[in-house]
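Participant: Sharing data-v2.cif below, mmCIF, N, CA and C atoms:
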data_my_file
#
loop_
_atom_site.label_atom_id
_atom_site.label_comp_id
_atom_site.auth_asym_id
_atom_site.auth_seq_id
_atom_site.Cartn_x
_atom_site.Cartn_y
_atom_site.Cartn_z
N MET A 1 18.98 -27.84 -6.48
CA MET A 1 18.22 -27.08 -7.45
C MET A 1 17.15 -26.21 -6.80
N ASP A 2 16.65 -26.60 -5.65
CA ASP A 2 15.61 -25.80 -4.99
C ASP A 2 16.12 -24.42 -4.60
N LEU A 3 17.34 -24.36 -4.08
CA LEU A 3 17.91 -23.08 -3.68
C LEU A 3 18.08 -22.16 -4.89
N LEU A 4 18.58 -22.73 -5.99
CA LEU A 4 18.75 -21.95 -7.21
C LEU A 4 17.40 -21.46 -7.73
N HIS A 5 16.40 -22.32 -7.67
CA HIS A 5 15.05 -21.93 -8.11
C HIS A 5 14.51 -20.79 -7.25
N ASN A 6 14.72 -20.87 -5.93
CA ASN A 6 14.25 -19.82 -5.02
C ASN A 6 14.94 -18.49 -5.30
N ILE A 7 16.24 -18.52 -5.57
CA ILE A 7 16.98 -17.29 -5.87
C ILE A 7 16.46 -16.66 -7.16
N GLU A 8 16.24 -17.49 -8.18
CA GLU A 8 15.71 -16.97 -9.45
C GLU A 8 14.32 -16.38 -9.25
N TYR A 9 13.50 -17.03 -8.44
CA TYR A 9 12.15 -16.56 -8.17
C TYR A 9 12.18 -15.20 -7.47
N ILE A 10 13.06 -15.05 -6.49
CA ILE A 10 13.18 -13.78 -5.78
C ILE A 10 13.66 -12.68 -6.73
N ASP A 11 14.62 -13.01 -7.60
CA ASP A 11 15.10 -12.03 -8.59
C ASP A 11 13.98 -11.58 -9.51
N ILE A 12 13.14 -12.50 -9.93
CA ILE A 12 12.01 -12.16 -10.82
C ILE A 12 11.04 -11.25 -10.09
N ILE A 13 10.73 -11.57 -8.84
CA ILE A 13 9.80 -10.74 -8.05
C ILE A 13 10.37 -9.34 -7.87
N GLU A 14 11.66 -9.22 -7.54
CA GLU A 14 12.25 -7.91 -7.33
C GLU A 14 12.25 -7.10 -8.62
N CYS A 15 12.43 -7.74 -9.77
CA CYS A 15 12.36 -7.02 -11.05
C CYS A 15 10.95 -6.51 -11.31
N MET A 16 9.96 -7.30 -10.92
CA MET A 16 8.57 -6.89 -11.11
C MET A 16 8.24 -5.69 -10.23
N GLU A 17 8.93 -5.54 -9.10
CA GLU A 17 8.64 -4.47 -8.15
C GLU A 17 9.29 -3.15 -8.53
N LYS A 18 10.16 -3.10 -9.52
CA LYS A 18 10.89 -1.88 -9.86
C LYS A 18 9.97 -0.69 -10.13
N PRO A 19 8.91 -0.84 -10.92
CA PRO A 19 8.03 0.33 -11.13
C PRO A 19 7.39 0.83 -9.83
N PHE A 20 7.11 -0.10 -8.92
CA PHE A 20 6.50 0.27 -7.66
C PHE A 20 7.51 0.98 -6.76
N ASP A 21 8.78 0.57 -6.83
CA ASP A 21 9.84 1.23 -6.04
C ASP A 21 9.90 2.72 -6.34
N LYS A 22 9.80 3.07 -7.61
CA LYS A 22 9.86 4.48 -8.01
C LYS A 22 8.67 5.25 -7.42
N GLN A 23 7.51 4.62 -7.43
CA GLN A 23 6.33 5.29 -6.87
C GLN A 23 6.44 5.44 -5.36
N LEU A 24 7.00 4.45 -4.70
CA LEU A 24 7.15 4.53 -3.25
C LEU A 24 8.01 5.71 -2.85
N GLY A 25 9.07 5.95 -3.59
CA GLY A 25 9.97 7.05 -3.28
C GLY A 25 9.33 8.41 -3.41
N LYS A 26 8.25 8.51 -4.15
CA LYS A 26 7.55 9.78 -4.36
C LYS A 26 6.38 9.98 -3.39
N MET A 27 6.09 8.98 -2.57
CA MET A 27 4.93 9.06 -1.68
C MET A 27 5.24 9.91 -0.45
N SER A 28 4.21 10.58 0.06
CA SER A 28 4.34 11.37 1.27
C SER A 28 4.36 10.44 2.49
N ARG A 29 4.72 11.01 3.63
CA ARG A 29 4.74 10.22 4.87
C ARG A 29 3.34 9.67 5.18
N ASN A 30 2.32 10.49 5.01
CA ASN A 30 0.95 10.03 5.29
C ASN A 30 0.54 8.90 4.35
N GLN A 31 0.93 8.99 3.09
CA GLN A 31 0.62 7.90 2.15
C GLN A 31 1.31 6.62 2.58
N LEU A 32 2.55 6.73 3.01
CA LEU A 32 3.29 5.55 3.47
C LEU A 32 2.67 4.96 4.73
N LEU A 33 2.21 5.83 5.65
CA LEU A 33 1.55 5.34 6.87
C LEU A 33 0.28 4.56 6.54
N VAL A 34 -0.51 5.10 5.64
CA VAL A 34 -1.76 4.43 5.25
C VAL A 34 -1.45 3.13 4.52
N LEU A 35 -0.48 3.18 3.63
CA LEU A 35 -0.11 1.98 2.88
C LEU A 35 0.41 0.89 3.82
N ARG A 36 1.20 1.27 4.80
CA ARG A 36 1.71 0.28 5.76
C ARG A 36 0.57 -0.37 6.53
N TYR A 37 -0.39 0.43 6.95
CA TYR A 37 -1.56 -0.12 7.64
C TYR A 37 -2.30 -1.10 6.74
N MET A 38 -2.47 -0.74 5.48
CA MET A 38 -3.21 -1.60 4.56
C MET A 38 -2.41 -2.85 4.19
N LEU A 39 -1.10 -2.76 4.16
CA LEU A 39 -0.28 -3.93 3.87
C LEU A 39 -0.43 -4.98 4.96
N GLY A 40 -0.66 -4.55 6.19
CA GLY A 40 -0.88 -5.47 7.29
C GLY A 40 -2.24 -6.14 7.25
N ARG A 41 -3.12 -5.62 6.43
CA ARG A 41 -4.48 -6.16 6.27
C ARG A 41 -4.78 -6.28 4.77
N ALA A 42 -3.94 -7.01 4.07
CA ALA A 42 -3.96 -7.03 2.60
C ALA A 42 -5.31 -7.44 2.00
N ASP A 43 -6.00 -8.35 2.60
CA ASP A 43 -7.27 -8.82 2.02
C ASP A 43 -8.48 -8.35 2.81
N THR A 44 -8.32 -7.27 3.56
CA THR A 44 -9.40 -6.75 4.40
C THR A 44 -9.88 -5.41 3.85
N ILE A 45 -11.18 -5.22 3.87
CA ILE A 45 -11.76 -3.94 3.49
C ILE A 45 -11.78 -3.06 4.74
N VAL A 46 -11.21 -1.85 4.62
CA VAL A 46 -11.12 -0.94 5.76
C VAL A 46 -11.83 0.37 5.44
N THR A 47 -12.31 1.03 6.48
CA THR A 47 -12.99 2.31 6.31
C THR A 47 -12.03 3.45 6.64
N THR A 48 -12.41 4.64 6.23
CA THR A 48 -11.56 5.80 6.53
C THR A 48 -11.44 6.02 8.03
N MET A 49 -12.49 5.73 8.78
CA MET A 49 -12.45 5.89 10.23
C MET A 49 -11.43 4.92 10.84
N ASP A 50 -11.42 3.66 10.38
CA ASP A 50 -10.45 2.68 10.87
C ASP A 50 -9.03 3.16 10.60
N ILE A 51 -8.80 3.62 9.38
CA ILE A 51 -7.46 4.06 8.99
C ILE A 51 -7.02 5.25 9.83
N ALA A 52 -7.93 6.20 10.04
CA ALA A 52 -7.59 7.39 10.83
C ALA A 52 -7.21 7.01 12.26
N LYS A 53 -7.96 6.10 12.86
CA LYS A 53 -7.68 5.69 14.23
C LYS A 53 -6.33 4.99 14.35
N LYS A 54 -6.02 4.13 13.40
CA LYS A 54 -4.81 3.30 13.51
C LYS A 54 -3.54 3.99 13.04
N THR A 55 -3.65 4.95 12.13
CA THR A 55 -2.44 5.58 11.57
C THR A 55 -2.13 6.94 12.19
N GLY A 56 -3.13 7.58 12.76
CA GLY A 56 -2.92 8.91 13.31
C GLY A 56 -3.06 10.01 12.27
N VAL A 57 -3.39 9.65 11.04
CA VAL A 57 -3.60 10.65 9.99
C VAL A 57 -4.99 11.24 10.19
N VAL A 58 -5.09 12.55 10.23
CA VAL A 58 -6.36 13.24 10.45
C VAL A 58 -7.33 12.91 9.31
N GLU A 59 -8.59 12.68 9.65
CA GLU A 59 -9.59 12.29 8.65
C GLU A 59 -9.72 13.29 7.51
N LYS A 60 -9.55 14.58 7.80
CA LYS A 60 -9.64 15.60 6.75
C LYS A 60 -8.53 15.42 5.72
N GLN A 61 -7.36 14.98 6.13
CA GLN A 61 -6.24 14.75 5.22
C GLN A 61 -6.34 13.40 4.53
N LEU A 62 -7.06 12.50 5.15
CA LEU A 62 -7.15 11.13 4.66
C LEU A 62 -7.79 11.02 3.29
N GLY A 63 -8.75 11.88 3.00
CA GLY A 63 -9.41 11.84 1.70
C GLY A 63 -8.42 12.02 0.55
N GLY A 64 -7.55 13.01 0.69
CA GLY A 64 -6.55 13.27 -0.34
C GLY A 64 -5.52 12.16 -0.43
N VAL A 65 -5.13 11.63 0.72
CA VAL A 65 -4.15 10.54 0.75
C VAL A 65 -4.70 9.30 0.06
N LEU A 66 -5.91 8.92 0.42
CA LEU A 66 -6.51 7.72 -0.17
C LEU A 66 -6.86 7.91 -1.65
N SER A 67 -7.24 9.12 -2.00
CA SER A 67 -7.51 9.42 -3.40
C SER A 67 -6.25 9.24 -4.24
N ALA A 68 -5.14 9.74 -3.73
CA ALA A 68 -3.86 9.61 -4.44
C ALA A 68 -3.45 8.14 -4.55
N LEU A 69 -3.62 7.39 -3.46
CA LEU A 69 -3.26 5.97 -3.49
C LEU A 69 -4.15 5.18 -4.45
N SER A 70 -5.42 5.55 -4.53
CA SER A 70 -6.33 4.81 -5.42
C SER A 70 -6.05 5.12 -6.90
N ARG A 71 -5.40 6.27 -7.17
CA ARG A 71 -5.05 6.61 -8.56
C ARG A 71 -3.72 6.01 -9.00
N LYS A 72 -2.91 5.55 -8.04
CA LYS A 72 -1.61 4.97 -8.39
C LYS A 72 -1.80 3.64 -9.10
N GLN A 73 -1.10 3.50 -10.21
CA GLN A 73 -1.17 2.28 -11.01
C GLN A 73 0.15 1.53 -10.93
N VAL A 74 0.08 0.23 -10.71
CA VAL A 74 1.24 -0.64 -10.75
C VAL A 74 0.94 -1.72 -11.78
N GLU A 75 1.71 -1.72 -12.87
CA GLU A 75 1.47 -2.70 -13.95
C GLU A 75 0.00 -2.66 -14.41
N ASN A 76 -0.53 -1.47 -14.59
CA ASN A 76 -1.90 -1.24 -15.06
C ASN A 76 -2.98 -1.73 -14.10
N MET A 77 -2.64 -1.86 -12.82
CA MET A 77 -3.62 -2.22 -11.80
C MET A 77 -3.59 -1.16 -10.71
N CYS A 78 -4.76 -0.82 -10.19
CA CYS A 78 -4.84 0.15 -9.10
C CYS A 78 -4.19 -0.41 -7.85
N LEU A 79 -3.44 0.40 -7.14
CA LEU A 79 -2.80 -0.02 -5.90
C LEU A 79 -3.84 -0.22 -4.79
N VAL A 80 -4.77 0.71 -4.69
CA VAL A 80 -5.84 0.64 -3.69
C VAL A 80 -7.17 0.74 -4.43
N GLU A 81 -8.08 -0.17 -4.09
CA GLU A 81 -9.40 -0.18 -4.73
C GLU A 81 -10.45 0.41 -3.80
N ILE A 82 -11.34 1.19 -4.36
CA ILE A 82 -12.47 1.73 -3.59
C ILE A 82 -13.56 0.66 -3.58
N MET A 83 -14.05 0.36 -2.38
CA MET A 83 -15.01 -0.74 -2.22
C MET A 83 -16.39 -0.26 -1.78
N GLY A 84 -16.76 0.96 -2.15
CA GLY A 84 -18.09 1.47 -1.81
C GLY A 84 -18.07 2.37 -0.59
N ARG A 85 -19.25 2.77 -0.18
CA ARG A 85 -19.39 3.71 0.94
C ARG A 85 -20.08 3.03 2.12
N ASP A 86 -19.56 3.28 3.29
CA ASP A 86 -20.18 2.82 4.53
C ASP A 86 -21.09 3.95 5.01
N ALA A 87 -22.24 3.62 5.52
CA ALA A 87 -23.22 4.64 5.92
C ALA A 87 -22.69 5.61 6.97
N THR A 88 -21.87 5.13 7.89
CA THR A 88 -21.41 6.00 8.98
C THR A 88 -19.90 6.26 8.98
N ASN A 89 -19.14 5.40 8.33
CA ASN A 89 -17.68 5.50 8.43
C ASN A 89 -16.99 5.96 7.16
N GLY A 90 -17.70 6.48 6.20
CA GLY A 90 -17.09 6.98 4.96
C GLY A 90 -16.83 5.89 3.95
N LEU A 91 -15.94 6.19 3.01
CA LEU A 91 -15.62 5.23 1.96
C LEU A 91 -14.85 4.04 2.53
N ARG A 92 -14.95 2.93 1.81
CA ARG A 92 -14.23 1.71 2.18
C ARG A 92 -13.18 1.42 1.12
N TYR A 93 -12.04 0.93 1.54
CA TYR A 93 -10.91 0.69 0.64
C TYR A 93 -10.31 -0.68 0.89
N LYS A 94 -9.64 -1.19 -0.14
CA LYS A 94 -8.94 -2.47 -0.03
C LYS A 94 -7.66 -2.39 -0.84
N LEU A 95 -6.58 -2.90 -0.29
CA LEU A 95 -5.31 -2.96 -1.00
C LEU A 95 -5.42 -4.03 -2.09
N ASN A 96 -4.98 -3.70 -3.28
CA ASN A 96 -4.99 -4.66 -4.38
C ASN A 96 -3.71 -5.50 -4.28
N SER A 97 -3.81 -6.65 -3.62
CA SER A 97 -2.63 -7.47 -3.39
C SER A 97 -2.14 -8.16 -4.66
N LYS A 98 -2.89 -8.06 -5.74
CA LYS A 98 -2.44 -8.61 -7.03
C LYS A 98 -1.45 -7.67 -7.71
N ALA A 99 -1.48 -6.41 -7.34
CA ALA A 99 -0.64 -5.41 -7.99
C ALA A 99 0.80 -5.41 -7.47
N ILE A 100 0.99 -5.88 -6.24
CA ILE A 100 2.32 -5.84 -5.62
C ILE A 100 2.58 -7.13 -4.85
N THR A 101 3.82 -7.33 -4.47
CA THR A 101 4.19 -8.42 -3.57
C THR A 101 4.16 -7.82 -2.16
N VAL A 102 3.21 -8.25 -1.37
CA VAL A 102 2.93 -7.62 -0.08
C VAL A 102 4.15 -7.64 0.85
N LEU A 103 4.86 -8.76 0.94
CA LEU A 103 6.00 -8.84 1.86
C LEU A 103 7.11 -7.89 1.47
N LEU A 104 7.44 -7.82 0.19
CA LEU A 104 8.48 -6.89 -0.26
C LEU A 104 8.05 -5.44 -0.06
N ALA A 105 6.80 -5.16 -0.38
CA ALA A 105 6.31 -3.79 -0.24
C ALA A 105 6.32 -3.36 1.22
N ASP A 106 5.94 -4.26 2.11
CA ASP A 106 5.92 -3.94 3.54
C ASP A 106 7.33 -3.60 4.02
N LYS A 107 8.30 -4.37 3.60
CA LYS A 107 9.69 -4.13 3.98
C LYS A 107 10.17 -2.76 3.46
N GLN A 108 9.83 -2.44 2.22
CA GLN A 108 10.25 -1.17 1.63
C GLN A 108 9.56 0.01 2.31
N VAL A 109 8.28 -0.12 2.59
CA VAL A 109 7.54 0.96 3.23
C VAL A 109 8.07 1.20 4.65
N ARG A 110 8.35 0.14 5.37
CA ARG A 110 8.91 0.28 6.73
C ARG A 110 10.22 1.06 6.70
N SER A 111 11.11 0.69 5.77
CA SER A 111 12.41 1.38 5.72
C SER A 111 12.24 2.84 5.34
N LEU A 112 11.30 3.15 4.45
CA LEU A 112 11.07 4.56 4.10
C LEU A 112 10.49 5.33 5.29
N LEU A 113 9.60 4.72 6.03
CA LEU A 113 9.01 5.40 7.19
C LEU A 113 10.07 5.66 8.27
N LEU A 114 11.01 4.75 8.42
CA LEU A 114 12.09 4.96 9.40
C LEU A 114 12.95 6.15 9.01
N SER A 115 13.05 6.45 7.73
CA SER A 115 13.86 7.58 7.30
C SER A 115 13.21 8.92 7.68
N TYR A 116 11.94 8.92 8.03
CA TYR A 116 11.26 10.15 8.43
C TYR A 116 11.49 10.48 9.90
N LYS A 117 11.96 9.53 10.67
CA LYS A 117 12.12 9.75 12.12
C LYS A 117 13.46 10.31 12.46
#
Would you give me this structure, written as structure tokens?
Facilitator:
Amino acid sequence: MDLLHNIEYIDIIECMEKPFDKQLGKMSRNQLLVLRYMLGRADTIVTTMDIAKKTGVVEKQLGGVLSALSRKQVENMCLVEIMGRDATNGLRYKLNSKAITVLLADKQVRSLLLSYK
């Protein structure tokens, strides 16, 4: 029964991710890069400077990318939350891990990023 329960659980999770799948397909490469970085640090607050250094996305472009990600809604929850301003490093952001299943999202984002290469 445990195996059957696990299969049903995975099916339920994948059904919950369907609205997010559609949004992922519409994201730009830079949005996917930032999202992948944040998925690796799901419960960590990061600054724009940290994100720029680790993803290679230019800081001038990062504002628009993060703004778009913070406006994305999954099941009426923001995908990325704004966590205030850092005095020297710009705005701070955190991935809303309640809105998505981090492991599934990471797998999907990785496969989409590979399609850009």
Participant: Rank nothing, just name the residue among A:Gln31, A:Leu69, A:Gly84, A:Val74 nearest to Thr101 in chain A, using only C-alpha atoms.
Facilitator: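 Smallest distance to Thr101 in chain A is found for A:Val74.
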Participant: Please enumerate the residues selected by the PyMOL selection byres ((chain A and resi 48) around 7) when evaluated against the supplied file, formatted as a list of chain:residue names.
Facilitator: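 Answer for the PyMOL selection byres ((chain A and resi 48) around 7): A:Val46, A:Thr47, A:Met49, A:Asp50, A:Ile51, A:Ala52, A:Lys53, A:Glu59, A:Asn89, A:Gly90, A:Leu91, A:Arg92, A:Tyr93.
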Participant: To one decimal in Å, tell me the separation between CA of Tyr116 in chain A and CA of Asn76 in chain A.
Facilitator: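 Spanning CA of Tyr116 in chain A to CA of Asn76 in chain A is a straight-line distance of 29.2 Å.
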Participant: Any idea what's packed within 8 Å of Leu32 in chain A, counting only C-alpha atoms, ignoring anything in its chain fewer than 5 positions away? Could you give it as an MDAnalysis selection string?
Facilitator: chainID A and resid 24 27 109 112:113
Participant: Do you have the atom N of Lys22 in chain A-atom C of Gly40 in chain A distance handy?
Facilitator: 21.2 Å
Participant: Interatomic distance between CA of Val80 in chain A and CA of Lys107 in chain A?
Facilitator: 18.0 Å
Participant: Run DSSP on the backbone and grab whatever in range 16-91 of chain A lands in alpha helix (DSSP H); send it over as number ranges by chain.
Facilitator: A: 16, 18-25, 29-39, 48-55, 59-71
Participant: Smallest atom-to-atom distance to Gln61 in chain A: which of A:Gln73, A:Ser28, A:Thr44, A:Ser115, using only C-alpha atoms?
Facilitator: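 Closest to Gln61 in chain A, using only C-alpha atoms: A:Ser28.
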Participant: When DSSP is applied to the backbone of this structure, which of chain A are assigned strand (DSSP E)? Write them out as JSON, numbers by chain.
Facilitator: {"A": [46, 47, 73, 74, 77, 78, 80, 81, 82, 83, 84, 85, 86, 90, 91, 92, 93, 94, 95]}
Participant: For the residues in the current selection, export N, CA and C atoms as a PDB file, in the coordinates of the input.
Facilitator:
ATOM      1  N   VAL A  46     -11.210  -1.850   4.620  1.00  0.00           N
ATOM      2  CA  VAL A  46     -11.120  -0.940   5.760  1.00  0.00           C
ATOM      3  C   VAL A  46     -11.830   0.370   5.440  1.00  0.00           C
ATOM      4  N   THR A  47     -12.310   1.030   6.480  1.00  0.00           N
ATOM      5  CA  THR A  47     -12.990   2.310   6.310  1.00  0.00           C
ATOM      6  C   THR A  47     -12.030   3.450   6.640  1.00  0.00           C
ATOM      7  N   GLN A  73      -1.100   3.500 -10.210  1.00  0.00           N
ATOM      8  CA  GLN A  73      -1.170   2.280 -11.010  1.00  0.00           C
ATOM      9  C   GLN A  73       0.150   1.530 -10.930  1.00  0.00           C
ATOM     10  N   VAL A  74       0.080   0.230 -10.710  1.00  0.00           N
ATOM     11  CA  VAL A  74       1.240  -0.640 -10.750  1.00  0.00           C
ATOM     12  C   VAL A  74       0.940  -1.720 -11.780  1.00  0.00           C
ATOM     13  N   MET A  77      -2.640  -1.860 -12.820  1.00  0.00           N
ATOM     14  CA  MET A  77      -3.620  -2.220 -11.800  1.00  0.00           C
ATOM     15  C   MET A  77      -3.590  -1.160 -10.710  1.00  0.00           C
ATOM     16  N   CYS A  78      -4.760  -0.820 -10.190  1.00  0.00           N
ATOM     17  CA  CYS A  78      -4.840   0.150  -9.100  1.00  0.00           C
ATOM     18  C   CYS A  78      -4.190  -0.410  -7.850  1.00  0.00           C
ATOM     19  N   VAL A  80      -4.770   0.710  -4.690  1.00  0.00           N
ATOM     20  CA  VAL A  80      -5.840   0.640  -3.690  1.00  0.00           C
ATOM     21  C   VAL A  80      -7.170   0.740  -4.430  1.00  0.00           C
ATOM     22  N   GLU A  81      -8.080  -0.170  -4.090  1.00  0.00           N
ATOM     23  CA  GLU A  81      -9.400  -0.180  -4.730  1.00  0.00           C
ATOM     24  C   GLU A  81     -10.450   0.410  -3.800  1.00  0.00           C
ATOM     25  N   ILE A  82     -11.340   1.190  -4.360  1.00  0.00           N
ATOM     26  CA  ILE A  82     -12.470   1.730  -3.590  1.00  0.00           C
ATOM     27  C   ILE A  82     -13.560   0.660  -3.580  1.00  0.00           C
ATOM     28  N   MET A  83     -14.050   0.360  -2.380  1.00  0.00           N
ATOM     29  CA  MET A  83     -15.010  -0.740  -2.220  1.00  0.00           C
ATOM     30  C   MET A  83     -16.390  -0.260  -1.780  1.00  0.00           C
ATOM     31  N   GLY A  84     -16.760   0.960  -2.150  1.00  0.00           N
ATOM     32  CA  GLY A  84     -18.090   1.470  -1.810  1.00  0.00           C
ATOM     33  C   GLY A  84     -18.070   2.370  -0.590  1.00  0.00           C
ATOM     34  N   ARG A  85     -19.250   2.770  -0.180  1.00  0.00           N
ATOM     35  CA  ARG A  85     -19.390   3.710   0.940  1.00  0.00           C
ATOM     36  C   ARG A  85     -20.080   3.030   2.120  1.00  0.00           C
ATOM     37  N   ASP A  86     -19.560   3.280   3.290  1.00  0.00           N
ATOM     38  CA  ASP A  86     -20.180   2.820   4.530  1.00  0.00           C
ATOM     39  C   ASP A  86     -21.090   3.950   5.010  1.00  0.00           C
ATOM     40  N   GLY A  90     -17.700   6.480   6.200  1.00  0.00           N
ATOM     41  CA  GLY A  90     -17.090   6.980   4.960  1.00  0.00           C
ATOM     42  C   GLY A  90     -16.830   5.890   3.950  1.00  0.00           C
ATOM     43  N   LEU A  91     -15.940   6.190   3.010  1.00  0.00           N
ATOM     44  CA  LEU A  91     -15.620   5.230   1.960  1.00  0.00           C
ATOM     45  C   LEU A  91     -14.850   4.040   2.530  1.00  0.00           C
ATOM     46  N   ARG A  92     -14.950   2.930   1.810  1.00  0.00           N
ATOM     47  CA  ARG A  92     -14.230   1.710   2.180  1.00  0.00           C
ATOM     48  C   ARG A  92     -13.180   1.420   1.120  1.00  0.00           C
ATOM     49  N   TYR A  93     -12.040   0.930   1.540  1.00  0.00           N
ATOM     50  CA  TYR A  93     -10.910   0.690   0.640  1.00  0.00           C
ATOM     51  C   TYR A  93     -10.310  -0.680   0.890  1.00  0.00           C
ATOM     52  N   LYS A  94      -9.640  -1.190  -0.140  1.00  0.00           N
ATOM     53  CA  LYS A  94      -8.940  -2.470  -0.030  1.00  0.00           C
ATOM     54  C   LYS A  94      -7.660  -2.390  -0.840  1.00  0.00           C
ATOM     55  N   LEU A  95      -6.580  -2.900  -0.290  1.00  0.00           N
ATOM     56  CA  LEU A  95      -5.310  -2.960  -1.000  1.00  0.00           C
ATOM     57  C   LEU A  95      -5.420  -4.030  -2.090  1.00  0.00           C
TER      58      LEU A  95
END
Participant: Take the PyMOL selection byres ((chain A and resi 81) around 5), apply it to the structure above, and return the hits as a list of chain:residue names.
Facilitator: A:Leu79, A:Val80, A:Ile82, A:Met83, A:Tyr93, A:Lys94, A:Leu95, A:Asn96
Participant: Counting all atoms listed in the file, figure out which residue out of A:Gln108, A:Gly64, A:Lys117, A:Val102 gets nearest to Leu39 in chain A.
Facilitator: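 Using all atoms listed in the file, Leu39 in chain A sits closest to A:Val102.
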Participant: From the list A:Leu114, A:Val58, A:Val65, A:Ile100, which residue is nearest Phe20 in chain A when using only N, CA and C atoms?
Facilitator: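 Answer, going by the shortest atom-to-atom distance: A:Ile100.
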Participant: Restricting the calculation to only N, CA and C atoms: of A:Gln23, A:Ala87, A:Thr55, A:Leu66, which residue gets closest to Tyr37 in chain A?
Facilitator: A:Thr55
Participant: Which polymer residues have any atom within 8 Å of an atom of Leu35 in chain A, counting all atoms listed in the file, with same-chain residues fewer than 6 positions away left out, as an NGL selection string?
Facilitator: :A and (29 or 41 or 105-106 or 109)
Participant: Could you pull range 83-95 of chain A out of the block above and give me N, CA and C atoms, as a CSV table (one decimal), in the first residue's frame?
Facilitator:
chain,number,residue,atom,x,y,z
A,83,MET,N,11.3,41.2,0.2
A,83,MET,CA,11.5,41.1,1.6
A,83,MET,C,12.2,42.4,2.1
A,84,GLY,N,11.9,43.5,1.5
A,84,GLY,CA,12.5,44.8,1.9
A,84,GLY,C,13.8,45.2,1.2
A,85,ARG,N,14.4,46.3,1.6
A,85,ARG,CA,15.5,46.8,0.9
A,85,ARG,C,16.8,46.7,1.8
A,86,ASP,N,17.9,46.3,1.1
A,86,ASP,CA,19.2,46.3,1.8
A,86,ASP,C,19.8,47.6,1.5
A,87,ALA,N,20.5,48.2,2.5
A,87,ALA,CA,21.1,49.5,2.3
A,87,ALA,C,22.1,49.6,1.2
A,88,THR,N,22.8,48.6,0.9
A,88,THR,CA,23.9,48.6,-0.1
A,88,THR,C,23.6,47.7,-1.3
A,89,ASN,N,22.8,46.7,-1.1
A,89,ASN,CA,22.7,45.6,-2.1
A,89,ASN,C,21.4,45.6,-2.8
A,90,GLY,N,20.6,46.6,-2.7
A,90,GLY,CA,19.3,46.7,-3.4
A,90,GLY,C,18.2,45.9,-2.7
A,91,LEU,N,17.1,45.6,-3.4
A,91,LEU,CA,16.0,44.9,-2.8
A,91,LEU,C,16.4,43.4,-2.5
A,92,ARG,N,15.6,42.9,-1.5
A,92,ARG,CA,15.8,41.5,-1.1
A,92,ARG,C,14.6,40.7,-1.5
A,93,TYR,N,14.8,39.5,-1.9
A,93,TYR,CA,13.8,38.6,-2.4
A,93,TYR,C,13.8,37.2,-1.8
A,94,LYS,N,12.7,36.5,-1.7
A,94,LYS,CA,12.6,35.2,-1.2
A,94,LYS,C,11.6,34.4,-2.1
A,95,LEU,N,12.0,33.2,-2.5
A,95,LEU,CA,11.1,32.3,-3.2
A,95,LEU,C,10.0,31.9,-2.2
